[in-house]
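Peer 1: My structure file input-v3.cif, mmCIF, C-alpha atoms, is below:
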```
data_model
loop_
_atom_site.label_atom_id
_atom_site.label_comp_id
_atom_site.auth_asym_id
_atom_site.auth_seq_id
_atom_site.Cartn_x
_atom_site.Cartn_y
_atom_site.Cartn_z
CA MET L 29 9.83 176.44 55.23
CA LEU L 30 7.80 178.81 57.34
CA THR L 31 8.30 179.42 61.03
CA GLU L 32 5.53 180.15 63.54
CA LEU L 33 6.86 183.71 63.89
CA GLN L 34 6.69 184.31 60.12
CA VAL L 35 3.10 183.05 60.03
CA LYS L 36 2.07 185.20 62.98
CA SER L 37 3.72 188.36 61.65
CA ALA L 38 2.52 188.09 58.01
CA LYS L 39 0.83 191.41 57.12
CA SER L 40 -2.19 192.00 54.89
CA ARG L 41 -1.89 193.70 51.51
CA ASP L 42 -4.30 195.26 49.03
CA LYS L 43 -4.85 191.83 47.47
CA SER L 44 -4.77 188.28 48.81
CA TYR L 45 -1.42 186.56 48.49
CA MET L 46 0.18 183.20 49.29
CA ILE L 47 3.27 182.36 51.31
CA ARG L 48 4.73 178.93 50.53
CA ASP L 49 5.66 176.49 53.26
CA ASP L 50 6.57 173.07 51.85
CA ARG L 51 5.10 170.13 49.94
CA GLY L 52 2.02 172.02 48.78
CA LEU L 53 1.18 173.82 52.01
CA ASN L 54 0.63 177.58 51.70
CA LEU L 55 -0.59 180.39 53.91
CA ARG L 56 -3.09 182.72 52.24
CA VAL L 57 -3.33 186.21 53.71
CA ASP L 58 -6.45 188.22 52.80
CA PRO L 59 -6.77 192.03 52.74
CA SER L 60 -8.91 191.76 55.88
CA GLY L 61 -5.96 190.23 57.72
CA ARG L 62 -7.56 186.77 57.98
CA LYS L 63 -5.17 183.90 57.31
CA TYR L 64 -6.00 180.47 55.88
CA TRP L 65 -4.03 177.32 55.25
CA ILE L 66 -4.28 176.20 51.62
CA PHE L 67 -3.13 172.86 50.23
CA ARG L 68 -2.20 173.21 46.54
CA TYR L 69 -1.60 170.30 44.20
CA TRP L 70 -1.61 169.58 40.48
CA GLU L 71 -3.54 166.84 38.74
CA ASN L 72 -3.77 166.40 34.98
CA LYS L 73 -1.79 169.62 34.56
CA LYS L 74 -4.48 171.52 36.48
CA GLU L 75 -4.01 173.24 39.83
CA HIS L 76 -6.36 172.39 42.71
CA GLN L 77 -6.66 174.09 46.10
CA ILE L 78 -8.16 172.85 49.35
CA SER L 79 -8.70 175.11 52.37
CA LEU L 80 -7.52 173.29 55.49
CA GLY L 81 -8.74 175.88 58.00
CA PRO L 82 -7.96 179.33 59.40
CA TYR L 83 -4.90 180.41 61.36
CA PRO L 84 -4.49 180.60 64.38
CA ASP L 85 -7.33 178.10 64.94
CA LEU L 86 -5.18 175.66 62.97
CA SER L 87 -1.51 175.96 63.96
CA LEU L 88 1.41 175.54 61.57
CA LYS L 89 2.15 172.14 63.09
CA ASP L 90 -1.43 170.90 62.69
CA ALA L 91 -1.66 172.28 59.15
CA ARG L 92 1.41 170.24 58.21
CA ILE L 93 -0.17 167.12 59.71
CA LYS L 94 -3.26 167.66 57.53
CA ARG L 95 -1.04 168.30 54.50
CA ASP L 96 0.85 165.04 55.13
CA GLU L 97 -2.40 163.07 55.42
CA LEU L 98 -3.56 164.45 52.09
CA GLN L 99 -0.20 163.70 50.46
CA THR L 100 -0.42 160.11 51.73
CA THR L 101 -3.89 159.78 50.22
CA ARG L 102 -2.57 161.08 46.87
CA ALA L 103 0.33 158.63 46.96
CA LYS L 104 -2.20 155.78 47.23
CA GLY L 105 -3.85 157.00 44.06
CA GLU L 106 -7.06 157.96 45.86
CA ALA L 107 -9.07 161.10 45.22
CA ILE L 108 -8.47 163.62 47.96
CA SER L 109 -10.65 166.10 49.80
CA LEU L 110 -11.03 167.19 53.39
CA ARG L 111 -12.79 163.87 53.93
CA SER L 112 -9.33 162.33 53.49
CA VAL L 113 -8.18 164.06 56.67
CA LYS L 114 -8.94 162.54 60.06
CA VAL L 115 -11.68 164.73 61.45
CA PRO L 116 -13.83 164.61 64.58
CA GLN L 117 -16.85 162.35 64.09
CA SER L 118 -18.93 162.75 67.27
CA PHE L 119 -19.84 166.03 68.94
CA VAL L 120 -17.65 165.04 71.90
CA ASP L 121 -14.65 164.73 69.57
CA LEU L 122 -15.44 168.07 67.95
CA ALA L 123 -15.92 169.84 71.29
CA ASN L 124 -12.65 168.44 72.64
CA GLU L 125 -10.79 169.68 69.57
CA TRP L 126 -12.45 173.09 69.92
CA MET L 127 -11.40 173.19 73.58
CA ARG L 128 -7.83 172.28 72.68
CA VAL L 129 -7.56 175.06 70.09
CA ARG L 130 -9.73 177.82 71.52
CA MET L 131 -9.26 177.54 75.29
CA LYS L 132 -5.54 178.32 75.27
CA ASN L 133 -4.75 181.18 77.68
CA LYS L 134 -8.40 181.50 78.78
CA ALA L 135 -9.22 182.24 82.42
CA GLU L 136 -9.58 179.14 84.60
CA ARG L 137 -13.08 180.05 85.79
CA TYR L 138 -14.23 180.57 82.18
CA ILE L 139 -12.94 177.16 81.13
CA GLU L 140 -14.59 175.63 84.18
CA SER L 141 -17.99 177.09 83.20
CA ILE L 142 -17.62 175.79 79.62
CA VAL L 143 -16.73 172.27 80.78
CA GLN L 144 -19.66 172.28 83.19
CA ARG L 145 -22.17 173.15 80.43
CA LEU L 146 -20.72 170.53 78.12
CA ASN L 147 -20.78 167.75 80.71
CA LYS L 148 -24.09 168.64 82.35
CA TYR L 149 -26.24 169.51 79.36
CA ILE L 150 -24.76 168.96 75.91
CA PHE L 151 -22.83 165.67 76.04
CA PRO L 152 -25.69 163.71 77.68
CA ALA L 153 -28.07 164.98 74.96
CA PHE L 154 -26.07 164.24 71.82
CA GLY L 155 -22.39 163.99 72.71
CA ASN L 156 -21.91 160.67 70.90
CA VAL L 157 -23.98 161.64 67.87
CA CYS L 158 -22.15 162.24 64.58
CA ILE L 159 -21.84 166.00 64.03
CA LYS L 160 -23.49 165.70 60.60
CA GLU L 161 -26.58 164.12 62.16
CA ILE L 162 -27.21 166.79 64.84
CA THR L 163 -30.24 168.85 63.82
CA SER L 164 -31.77 172.15 64.84
CA ARG L 165 -34.59 170.16 66.44
CA ASP L 166 -32.08 168.27 68.65
CA ILE L 167 -30.62 171.53 69.91
CA LEU L 168 -34.03 173.14 70.38
CA ASN L 169 -35.28 170.17 72.41
CA LEU L 170 -32.23 170.42 74.68
CA CYS L 171 -32.68 174.16 75.21
CA ARG L 172 -36.40 173.78 75.86
CA ARG L 173 -35.70 171.19 78.56
CA ILE L 174 -33.30 173.62 80.23
CA GLU L 175 -35.87 176.43 80.00
CA SER L 176 -38.57 174.22 81.52
CA SER L 177 -36.35 173.89 84.60
CA GLY L 178 -36.39 177.67 84.99
CA TYR L 179 -32.92 178.37 83.55
CA ASP L 180 -33.64 180.59 80.56
CA GLU L 181 -30.22 182.26 80.59
CA THR L 182 -28.47 178.88 80.78
CA ALA L 183 -30.45 177.73 77.73
CA ARG L 184 -29.25 180.76 75.77
CA ARG L 185 -25.66 180.17 76.81
CA VAL L 186 -25.82 176.48 75.88
CA LYS L 187 -27.15 177.41 72.42
CA ALA L 188 -24.37 179.99 72.00
CA LEU L 189 -21.73 177.44 73.04
CA ILE L 190 -23.00 174.87 70.52
CA SER L 191 -22.95 177.57 67.84
CA GLN L 192 -19.32 178.47 68.62
CA ILE L 193 -18.28 174.83 68.28
CA PHE L 194 -20.11 174.37 64.98
CA ARG L 195 -18.64 177.59 63.56
CA PHE L 196 -15.22 176.25 64.46
CA ALA L 197 -16.09 173.04 62.61
CA ILE L 198 -17.17 175.00 59.53
CA ALA L 199 -13.95 177.05 59.51
CA SER L 200 -11.97 173.83 59.82
CA GLY L 201 -13.83 172.18 56.95
CA TRP L 202 -15.52 169.56 59.15
CA ALA L 203 -19.09 170.81 58.87
CA GLU L 204 -21.09 172.72 56.29
CA ASN L 205 -23.59 174.58 58.45
CA ASP L 206 -24.46 175.72 61.96
CA PRO L 207 -27.81 174.17 62.98
CA THR L 208 -28.35 176.80 65.69
CA LEU L 209 -28.93 179.51 63.04
CA ALA L 210 -32.43 178.16 62.45
CA LEU L 211 -33.28 178.79 66.11
CA MET L 212 -33.11 182.58 66.01
CA GLY L 213 -36.00 183.85 68.12
CA ALA L 214 -36.99 180.35 69.24
CA LEU L 215 -35.86 180.70 72.87
CA ALA L 216 -37.36 182.79 75.65
CA PRO L 217 -36.24 186.44 75.33
CA ARG L 218 -33.71 187.78 77.79
CA ASN L 219 -35.18 189.65 80.74
CA ASN L 220 -33.05 192.76 81.10
CA LYS L 221 -34.31 193.73 84.55
CA HIS L 222 -31.74 194.95 87.05
CA TYR L 223 -30.33 192.67 89.71
CA ALA L 224 -32.55 192.62 92.77
CA THR L 225 -31.21 194.70 95.65
CA LEU L 226 -32.16 196.43 98.89
CA THR L 227 -31.90 200.16 99.48
CA ASP L 228 -34.19 200.64 102.49
CA PRO L 229 -31.92 201.10 105.57
CA SER L 230 -34.17 198.99 107.82
CA GLU L 231 -34.06 196.06 105.35
CA ILE L 232 -30.30 196.35 104.96
CA ALA L 233 -29.98 196.29 108.76
CA ILE L 234 -31.92 193.01 108.92
CA LEU L 235 -29.73 191.58 106.15
CA MET L 236 -26.50 192.56 107.92
CA ARG L 237 -27.59 191.07 111.23
CA ALA L 238 -28.67 187.83 109.53
CA MET L 239 -25.36 187.52 107.69
CA LYS L 240 -23.34 188.15 110.85
CA ALA L 241 -25.28 185.45 112.66
CA TYR L 242 -24.73 182.82 109.96
CA PRO L 243 -23.23 179.73 111.67
CA TYR L 244 -20.84 178.52 108.95
CA THR L 245 -17.74 180.69 109.30
CA VAL L 246 -16.30 180.60 105.77
CA MET L 247 -19.68 181.30 104.15
CA ARG L 248 -20.44 184.03 106.69
CA CYS L 249 -17.12 185.64 105.78
CA ALA L 250 -17.91 185.25 102.07
CA MET L 251 -21.25 187.05 102.42
CA LEU L 252 -19.81 189.88 104.50
CA PHE L 253 -16.73 190.24 102.26
CA SER L 254 -19.12 190.42 99.29
CA ILE L 255 -21.19 193.25 100.71
CA TYR L 256 -18.21 195.17 102.12
CA THR L 257 -16.27 195.05 98.82
CA PHE L 258 -19.27 194.75 96.39
CA ALA L 259 -17.02 192.96 93.89
CA ARG L 260 -18.68 190.77 91.27
CA PRO L 261 -19.64 187.27 92.49
CA GLY L 262 -17.09 185.59 90.23
CA GLU L 263 -14.30 187.78 91.60
CA ILE L 264 -15.35 186.99 95.18
CA ARG L 265 -15.47 183.22 94.84
CA THR L 266 -12.12 183.03 92.99
CA ALA L 267 -10.30 185.42 95.34
CA GLU L 268 -6.82 184.06 96.15
CA TRP L 269 -4.52 184.66 99.09
CA SER L 270 -1.78 185.80 96.71
CA GLU L 271 -4.03 188.74 95.72
CA ILE L 272 -4.26 190.14 99.27
CA LYS L 273 -1.58 192.84 99.55
CA ASN L 274 -1.54 194.49 102.99
CA ASP L 275 -4.48 196.91 102.86
CA THR L 276 -5.72 196.04 99.36
CA TRP L 277 -7.13 193.22 97.29
CA ASP L 278 -5.34 193.30 93.94
CA ILE L 279 -7.48 191.51 91.33
CA PRO L 280 -5.56 190.51 88.15
CA PRO L 281 -6.89 191.48 84.68
CA GLU L 282 -7.88 187.95 83.64
CA LYS L 283 -10.48 187.79 86.43
CA MET L 284 -12.09 191.12 85.61
CA LYS L 285 -15.01 191.64 83.24
CA MET L 286 -13.14 194.38 81.36
CA LYS L 287 -9.79 192.54 81.55
CA ARG L 288 -8.18 195.39 83.51
CA ARG L 289 -6.39 195.10 86.83
CA HIS L 290 -8.57 196.31 89.70
CA VAL L 291 -7.52 197.30 93.21
CA VAL L 292 -9.99 197.13 96.09
CA PRO L 293 -8.97 199.09 99.22
CA LEU L 294 -9.88 197.00 102.25
CA SER L 295 -11.85 198.59 105.07
CA ASN L 296 -11.05 197.67 108.65
CA GLN L 297 -14.05 195.32 108.58
CA ALA L 298 -12.83 193.58 105.42
CA LYS L 299 -9.34 193.21 106.91
CA ALA L 300 -10.85 191.66 110.04
CA ILE L 301 -12.57 189.09 107.83
CA ILE L 302 -9.25 188.37 106.11
CA GLU L 303 -7.55 187.70 109.44
CA GLU L 304 -10.40 185.44 110.58
CA LEU L 305 -10.20 183.50 107.33
CA ARG L 306 -6.41 183.23 107.47
CA GLN L 307 -6.70 180.81 110.38
CA LEU L 308 -9.08 178.60 108.39
CA THR L 309 -8.07 178.76 104.72
CA GLY L 310 -4.79 180.69 104.72
CA ARG L 311 -2.68 177.65 103.88
CA GLY L 312 -4.53 177.02 100.64
CA ARG L 313 -4.97 178.92 97.40
CA TRP L 314 -8.50 180.28 97.80
CA LEU L 315 -9.97 182.60 100.40
CA PHE L 316 -13.26 180.74 99.99
CA PRO L 317 -12.65 177.08 99.09
CA THR L 318 -15.39 174.47 98.76
CA PRO L 319 -16.59 172.92 102.03
CA ARG L 320 -14.89 169.69 100.96
CA ASN L 321 -11.63 171.64 100.54
CA ASN L 322 -10.86 169.61 97.42
CA GLY L 323 -8.61 172.23 95.86
CA ARG L 324 -11.46 174.13 94.21
CA CYS L 325 -12.95 177.50 95.03
CA MET L 326 -16.48 178.04 96.31
CA SER L 327 -19.23 177.32 93.77
CA GLU L 328 -20.89 180.12 91.87
CA ASN L 329 -24.11 179.50 93.82
CA GLY L 330 -22.50 179.55 97.29
CA VAL L 331 -23.37 183.07 98.44
CA ARG L 332 -26.71 183.00 96.61
CA VAL L 333 -27.80 179.85 98.45
CA ALA L 334 -26.63 181.29 101.77
CA LEU L 335 -28.77 184.40 101.20
CA ARG L 336 -31.79 182.17 100.61
CA THR L 337 -30.95 180.22 103.78
CA ILE L 338 -31.09 183.35 105.92
CA GLY L 339 -34.52 184.20 104.50
CA PHE L 340 -33.99 186.54 101.55
CA THR L 341 -35.60 185.65 98.21
CA LYS L 342 -34.14 186.19 94.74
CA GLU L 343 -36.69 188.97 94.25
CA GLN L 344 -35.22 190.81 97.26
CA ILE L 345 -31.44 190.48 96.87
CA THR L 346 -28.80 188.69 94.80
CA PRO L 347 -25.02 188.66 95.32
CA HIS L 348 -24.64 190.94 92.29
CA GLY L 349 -27.22 193.25 93.85
CA PHE L 350 -24.67 194.37 96.47
CA ARG L 351 -23.13 196.51 93.71
CA ALA L 352 -26.39 198.30 92.98
CA MET L 353 -26.98 198.73 96.72
CA PHE L 354 -23.63 200.43 97.16
CA SER L 355 -23.96 202.59 94.04
CA THR L 356 -27.45 203.83 94.94
CA ILE L 357 -26.66 204.67 98.56
CA ALA L 358 -23.22 206.18 97.90
CA ASN L 359 -24.68 208.47 95.22
CA GLU L 360 -27.52 209.46 97.55
CA HIS L 361 -24.94 210.44 100.19
CA GLY L 362 -23.16 212.77 97.77
CA TRP L 363 -19.98 210.85 97.00
CA ASN L 364 -18.17 211.81 93.79
CA ARG L 365 -19.72 209.81 90.94
CA ASP L 366 -16.36 209.25 89.25
CA VAL L 367 -14.95 207.79 92.47
CA ILE L 368 -17.94 205.47 92.81
CA GLU L 369 -17.71 204.30 89.21
CA ARG L 370 -13.98 203.67 89.42
CA GLN L 371 -14.39 201.57 92.54
CA LEU L 372 -17.11 199.59 90.76
CA ALA L 373 -14.51 198.96 88.00
CA HIS L 374 -16.75 200.69 85.48
CA VAL L 375 -14.71 202.23 82.66
CA GLU L 376 -16.22 204.50 80.04
CA GLU L 377 -16.04 203.25 76.47
CA ASN L 378 -14.96 206.70 75.34
CA THR L 379 -11.32 206.35 74.29
CA VAL L 380 -10.32 209.61 75.97
CA ARG L 381 -11.91 208.93 79.37
CA GLY L 382 -11.44 205.19 79.01
CA ALA L 383 -7.68 205.30 79.63
CA TYR L 384 -7.64 203.24 82.80
CA ASN L 385 -5.46 203.83 85.84
CA HIS L 386 -6.12 201.26 88.55
CA ALA L 387 -4.88 203.72 91.23
CA GLU L 388 -6.98 206.68 90.07
CA TYR L 389 -8.84 208.44 92.92
CA MET L 390 -7.20 206.03 95.36
CA PRO L 391 -7.22 208.35 98.43
CA GLU L 392 -10.94 209.03 97.90
CA ARG L 393 -11.65 205.36 97.25
CA ILE L 394 -9.98 204.36 100.53
CA LYS L 395 -12.22 206.79 102.40
CA LEU L 396 -15.27 205.62 100.45
CA MET L 397 -14.69 201.94 101.25
CA GLN L 398 -14.30 202.64 104.98
CA TRP L 399 -17.38 204.85 104.98
CA TRP L 400 -19.40 202.08 103.29
CA ALA L 401 -18.36 199.40 105.79
CA ASP L 402 -19.07 201.76 108.72
CA TYR L 403 -22.45 202.65 107.22
CA LEU L 404 -23.44 198.98 107.00
CA ASP L 405 -22.29 198.19 110.53
CA ASP L 406 -23.95 201.27 111.97
CA LEU L 407 -27.27 200.25 110.39
CA ALA L 408 -27.07 196.80 111.96
CA GLU L 409 -26.40 198.26 115.41
CA ILE L 410 -28.76 201.24 115.31
CA GLN L 411 -31.69 199.28 113.88
CA ALA L 412 -31.24 196.37 116.31
#
```
Give the structure from the file, written as structure tokens.

Peer 2:
Amino acid sequence: MLTELQVKSAKSRDKSYMIRDDRGLNLRVDPSGRKYWIFRYWENKKEHQISLGPYPDLSLKDARIKRDELQTTRAKGEAISLRSVKVPQSFVDLANEWMRVRMKNKAERYIESIVQRLNKYIFPAFGNVCIKEITSRDILNLCRRIESSGYDETARRVKALISQIFRFAIASGWAENDPTLALMGALAPRNNKHYATLTDPSEIAILMRAMKAYPYTVMRCAMLFSIYTFARPGEIRTAEWSEIKNDTWDIPPEKMKMKRRHVVPLSNQAKAIIEELRQLTGRGRWLFPTPRNNGRCMSENGVRVALRTIGFTKEQITPHGFRAMFSTIANEHGWNRDVIERQLAHVEENTVRGAYNHAEYMPERIKLMQWWADYLDDLAEIQA
């Protein structure tokens, strides 16, 4: 019988080949490296094969469960096929199975976003509908309703999520087609404009003064920490106390867009915010928890809503726009481009220059971060 290690380490060859497990279960390894579970049986002196699904989507344990169900069906004298195996019937069942298989070792904030889209948009629309009865029209109607609310990007992400789940169903033998394929070009095209930002010193001064005057302490700290560190919004809202190391914020790979550890040197201003927050949220996990302090971090819209509250529209500035603000102004002031890009956690795709060292240019980055915080504070005071 096979072990999980043997399955995982099976190497591809010039031709497809089978590795036998037990009672008709085999692992087929293709030249491409893809692996599939195959159930082999003989009837009327003729061999038959049924594909149970790909590995690692279908684990060795689950493949054996499917094999046993098929063997039981054969023992009853019934004709067997994948319909003999217990499979998800409704979209909710299918999505839950996809989550169980595909969300292992995924970042918490990614899983949270997936669950939110499922519960808010997809399940209410056709969660209890049989997967074979869900049509392209059903999915298009859902996406159009989301678009009509002004959330074009959300509509595209919902469509992509449904497609992932259906492709998983096809690979597992539970569905024959992906109904989202018929919707190519049906949704509003992506607007690739840059994130709105401010680069005029007088406008930045007004922004800084408004943020510093914000009455809610934790959100005020979140806005200022965002502009001082110009980290991505997702990294800000999921910042944890365990990541604060003396004079740096050490962000683990799983939270970063490029899945590489990133170190943010903290300016004196950022450290002052940390100390102010420590009295309020330091006993918990998150620097910026929800106002209800229910064990969850600040919502993805927290800083964005606060910016609207202090009078800045989405056409003027977004939380992600702090990065463009910093990059534009730092380049204009003659800072080394490589230092700027490294502090933005931008890594070139080129394999030679792409070798990443999280501490590269660290002395220059420390100076750059302090200069940036001083520049922002000076604007607020001088322009007042």

Peer 1: Restricting the calculation to all atoms listed in the file, which member of L:Leu372, L:Ile174, L:Val291, L:Met286 is positioned closest to Leu215 in chain L?

Peer 2: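 Residue with the minimum atom-to-atom distance to Leu215 in chain L: L:Ile174.
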
Peer 1: I'd like the residues picked by the PyMOL selection byres ((chain L and resi 226-241) around 8) written out as a VMD selection string, using the chain letters and numbers from the file.

Peer 2: chain L and resid 224 to 225 242 to 243 248 251 to 252 335 338 344 to 345 349 353 356 to 357 404 to 405 407 to 409 411 to 412

Peer 1: Any idea what the distance is between CA of Ile93 in chain L and CA of Cys158 in chain L?

Peer 2: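 For CA of Ile93 in chain L relative to CA of Cys158 in chain L, the distance reads 23.0 Å.
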
Peer 1: So how many Å separate CA of Glu328 in chain L and CA of Trp400 in chain L, to one decimal?

Peer 2: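 Answer for the CA of Glu328 in chain L to CA of Trp400 in chain L separation: 24.8 Å.
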
Peer 1: Report the residues retrieved by the PyMOL selection byres ((chain L and resi 58) around 7) from the displayed file, expressed as a PyMOL selection string.

Peer 2: chain L and resi 40+43-45+56-57+59-63

Peer 1: Rounded to one decimal in Å, what is the spacing between CA of Arg172 in chain L and CA of Arg195 in chain L?

Peer 2: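 Atom-to-atom, CA of Arg172 in chain L and CA of Arg195 in chain L are spaced 21.9 Å apart.
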
Peer 1: Could you tell me which of L:Ala188, L:Met131, L:Ile394, L:Val35 comes closest to Asp206 in chain L if we count all atoms listed in the file?

Peer 2: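 Nearest to Asp206 in chain L: L:Ala188.
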
Peer 1: Report as a list of chain:residue names all protein, DNA and RNA residues lying within 12 Å of Glu71 in chain L, evaluated on all atoms listed in the file, omitting residues in the same chain fewer than 6 positions from it.

Peer 2: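 These residues fall inside the cut-off: L:Gln77, L:Arg102, L:Gly105, L:Glu106, L:Ala107, L:Ile108.
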
Peer 1: Would you kindly return, as a list in words, each protein, DNA or RNA residue with an atom no farther than 12 Å from any atom of Gln34 in chain L, considering all atoms listed in the file and excluding same-chain residues fewer than 3 positions away?

Peer 2: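 The neighbour list is Met29, Leu30, Thr31, Ser37, Ala38, Lys39, Ile47, Arg48, Asp49, Leu55 and Leu88 of chain L.
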
Peer 1: Write out as a list in words each polymer residue whose atoms come within 10 Å of Leu305 in chain L, counting all atoms listed in the file; drop sequence neighbours fewer than 6 positions from it.

Peer 2: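 My list of contacting residues is Thr245, Val246, Cys249, Ala250, Lys299, Leu315 and Phe316 of chain L.
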
Peer 1: Using only C-alpha atoms - which residues lie no farther than 12 Å from the point (-9.8, 179.2, 75.0) in the file's frame? Write them as a list of chain:residue names.

Peer 2: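 All residues meeting the 12 Å criterion around (-9.8, 179.2, 75.0) are L:Pro84, L:Asp85, L:Ala123, L:Asn124, L:Glu125, L:Trp126, L:Met127, L:Arg128, L:Val129, L:Arg130, L:Met131, L:Lys132, L:Asn133, L:Lys134, L:Ala135, L:Glu136, L:Arg137, L:Tyr138, L:Ile139, L:Glu140, L:Ser141, L:Ile142, L:Val143, L:Gln192, L:Ile193.
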
Peer 1: Do a neighbour search on range 263-274 of chain L at 7 Å with only C-alpha atoms, toss out local chain neighbours closer than 3 positions, and write the hits as a list in words.

Peer 2: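 Within the cut-off, the hits are Ser254, Ala259, Arg260, Trp277, Asp278, Ile279, Lys283, Gly310, Arg313, Trp314, Leu315, Phe316, Cys325, Met326 and Glu328 of chain L.
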
Peer 1: May I ask which of the residues L:Thr276, L:Asp180, L:Phe194, L:Ile255 is the closest one to Asp402 in chain L, counting all atoms listed in the file?

Peer 2: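 Between L:Thr276, L:Asp180, L:Phe194, L:Ile255, the residue approaching Asp402 in chain L most closely is L:Ile255.
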
Peer 1: Could you tell me, as a list in words, which residues have any atom at most 10 Å from (-17.9, 169.6, 58.1), counting all atoms listed in the file?

Peer 2: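 Every polymer residue passing the test: Leu110, Arg111, Val115, Pro116, Gln117, Ile159, Lys160, Phe194, Arg195, Phe196, Ala197, Ile198, Ala199, Ser200, Gly201, Trp202, Ala203, Glu204, Asn205 and Asp206 of chain L.
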
Peer 1: Give the answer as one residue: which of L:Ile167, L:Thr346, L:Glu75, L:Gly312 has the shortest atom-to-atom distance to Arg324 in chain L, using all atoms listed in the file?

Peer 2: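 So, comparing all the options, the nearest one is L:Gly312.
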
Peer 1: Residue by residue, what does the PyMOL selection byres ((chain L and resi 69) around 12) grab here? Present the result as a list in words.

Peer 2: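 For this structure, the PyMOL selection byres ((chain L and resi 69) around 12) resolves to Asp50, Arg51, Gly52, Leu53, Asn54, Ile66, Phe67, Arg68, Trp70, Glu71, Asn72, Lys73, Lys74, Glu75, His76, Gln77, Ile78, Ser79, Arg95, Leu98, Gln99, Arg102, Ala107, Ile108 and Ser109 of chain L.
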
Peer 1: Identify which of the residues L:Leu122, L:Asp42, L:Asn147, L:Met247 lies closest to Ser327 in chain L, counting only C-alpha atoms when measuring atom-to-atom distances.

Peer 2: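 Under the stated criterion, the closest residue is L:Met247.
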
Peer 1: Can you work out which one of L:Trp363, L:Pro317, L:His374, L:Phe350 has the shortest atom-to-atom distance to Lys287 in chain L, counting all atoms listed in the file?

Peer 2: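 Closest candidate: L:His374.
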
Peer 1: Show which residues sit within 9 Å of Pro207 in chain L, as a list in words. Count all atoms listed in the file, and ignore same-chain residues fewer than 2 positions away.

Peer 2: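 Contacts, in chain order: Ile162, Thr163, Ser164, Arg165, Ile167, Ile190, Ser191, Phe194, Asn205, Leu209, Ala210 and Leu211 of chain L.
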
Peer 1: Limited to C-alpha atoms, could you put the picked residues into a file as an mmCIF file, in the frame of the given file?

Peer 2:
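Generated file (out38.cif):
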```cif
data_model
loop_
_atom_site.group_PDB
_atom_site.id
_atom_site.type_symbol
_atom_site.label_atom_id
_atom_site.label_comp_id
_atom_site.auth_asym_id
_atom_site.auth_seq_id
_atom_site.Cartn_x
_atom_site.Cartn_y
_atom_site.Cartn_z
ATOM 1 C CA ILE L 162 -27.210 166.790 64.840
ATOM 2 C CA THR L 163 -30.240 168.850 63.820
ATOM 3 C CA SER L 164 -31.770 172.150 64.840
ATOM 4 C CA ARG L 165 -34.590 170.160 66.440
ATOM 5 C CA ILE L 167 -30.620 171.530 69.910
ATOM 6 C CA ILE L 190 -23.000 174.870 70.520
ATOM 7 C CA SER L 191 -22.950 177.570 67.840
ATOM 8 C CA PHE L 194 -20.110 174.370 64.980
ATOM 9 C CA ASN L 205 -23.590 174.580 58.450
ATOM 10 C CA LEU L 209 -28.930 179.510 63.040
ATOM 11 C CA ALA L 210 -32.430 178.160 62.450
ATOM 12 C CA LEU L 211 -33.280 178.790 66.110
#
```

Peer 1: Find the smallest box with edges along x, y and z containing every listed atom of range 290-303 of chain L, then add 8 Å on each side and report centre and edge lengths in Å to one decimal, as JSON.

Peer 2:
```
{"center_x": -10.8, "center_y": 193.4, "center_z": 99.9, "size_x": 22.5, "size_y": 27.4, "size_z": 36.3}
```
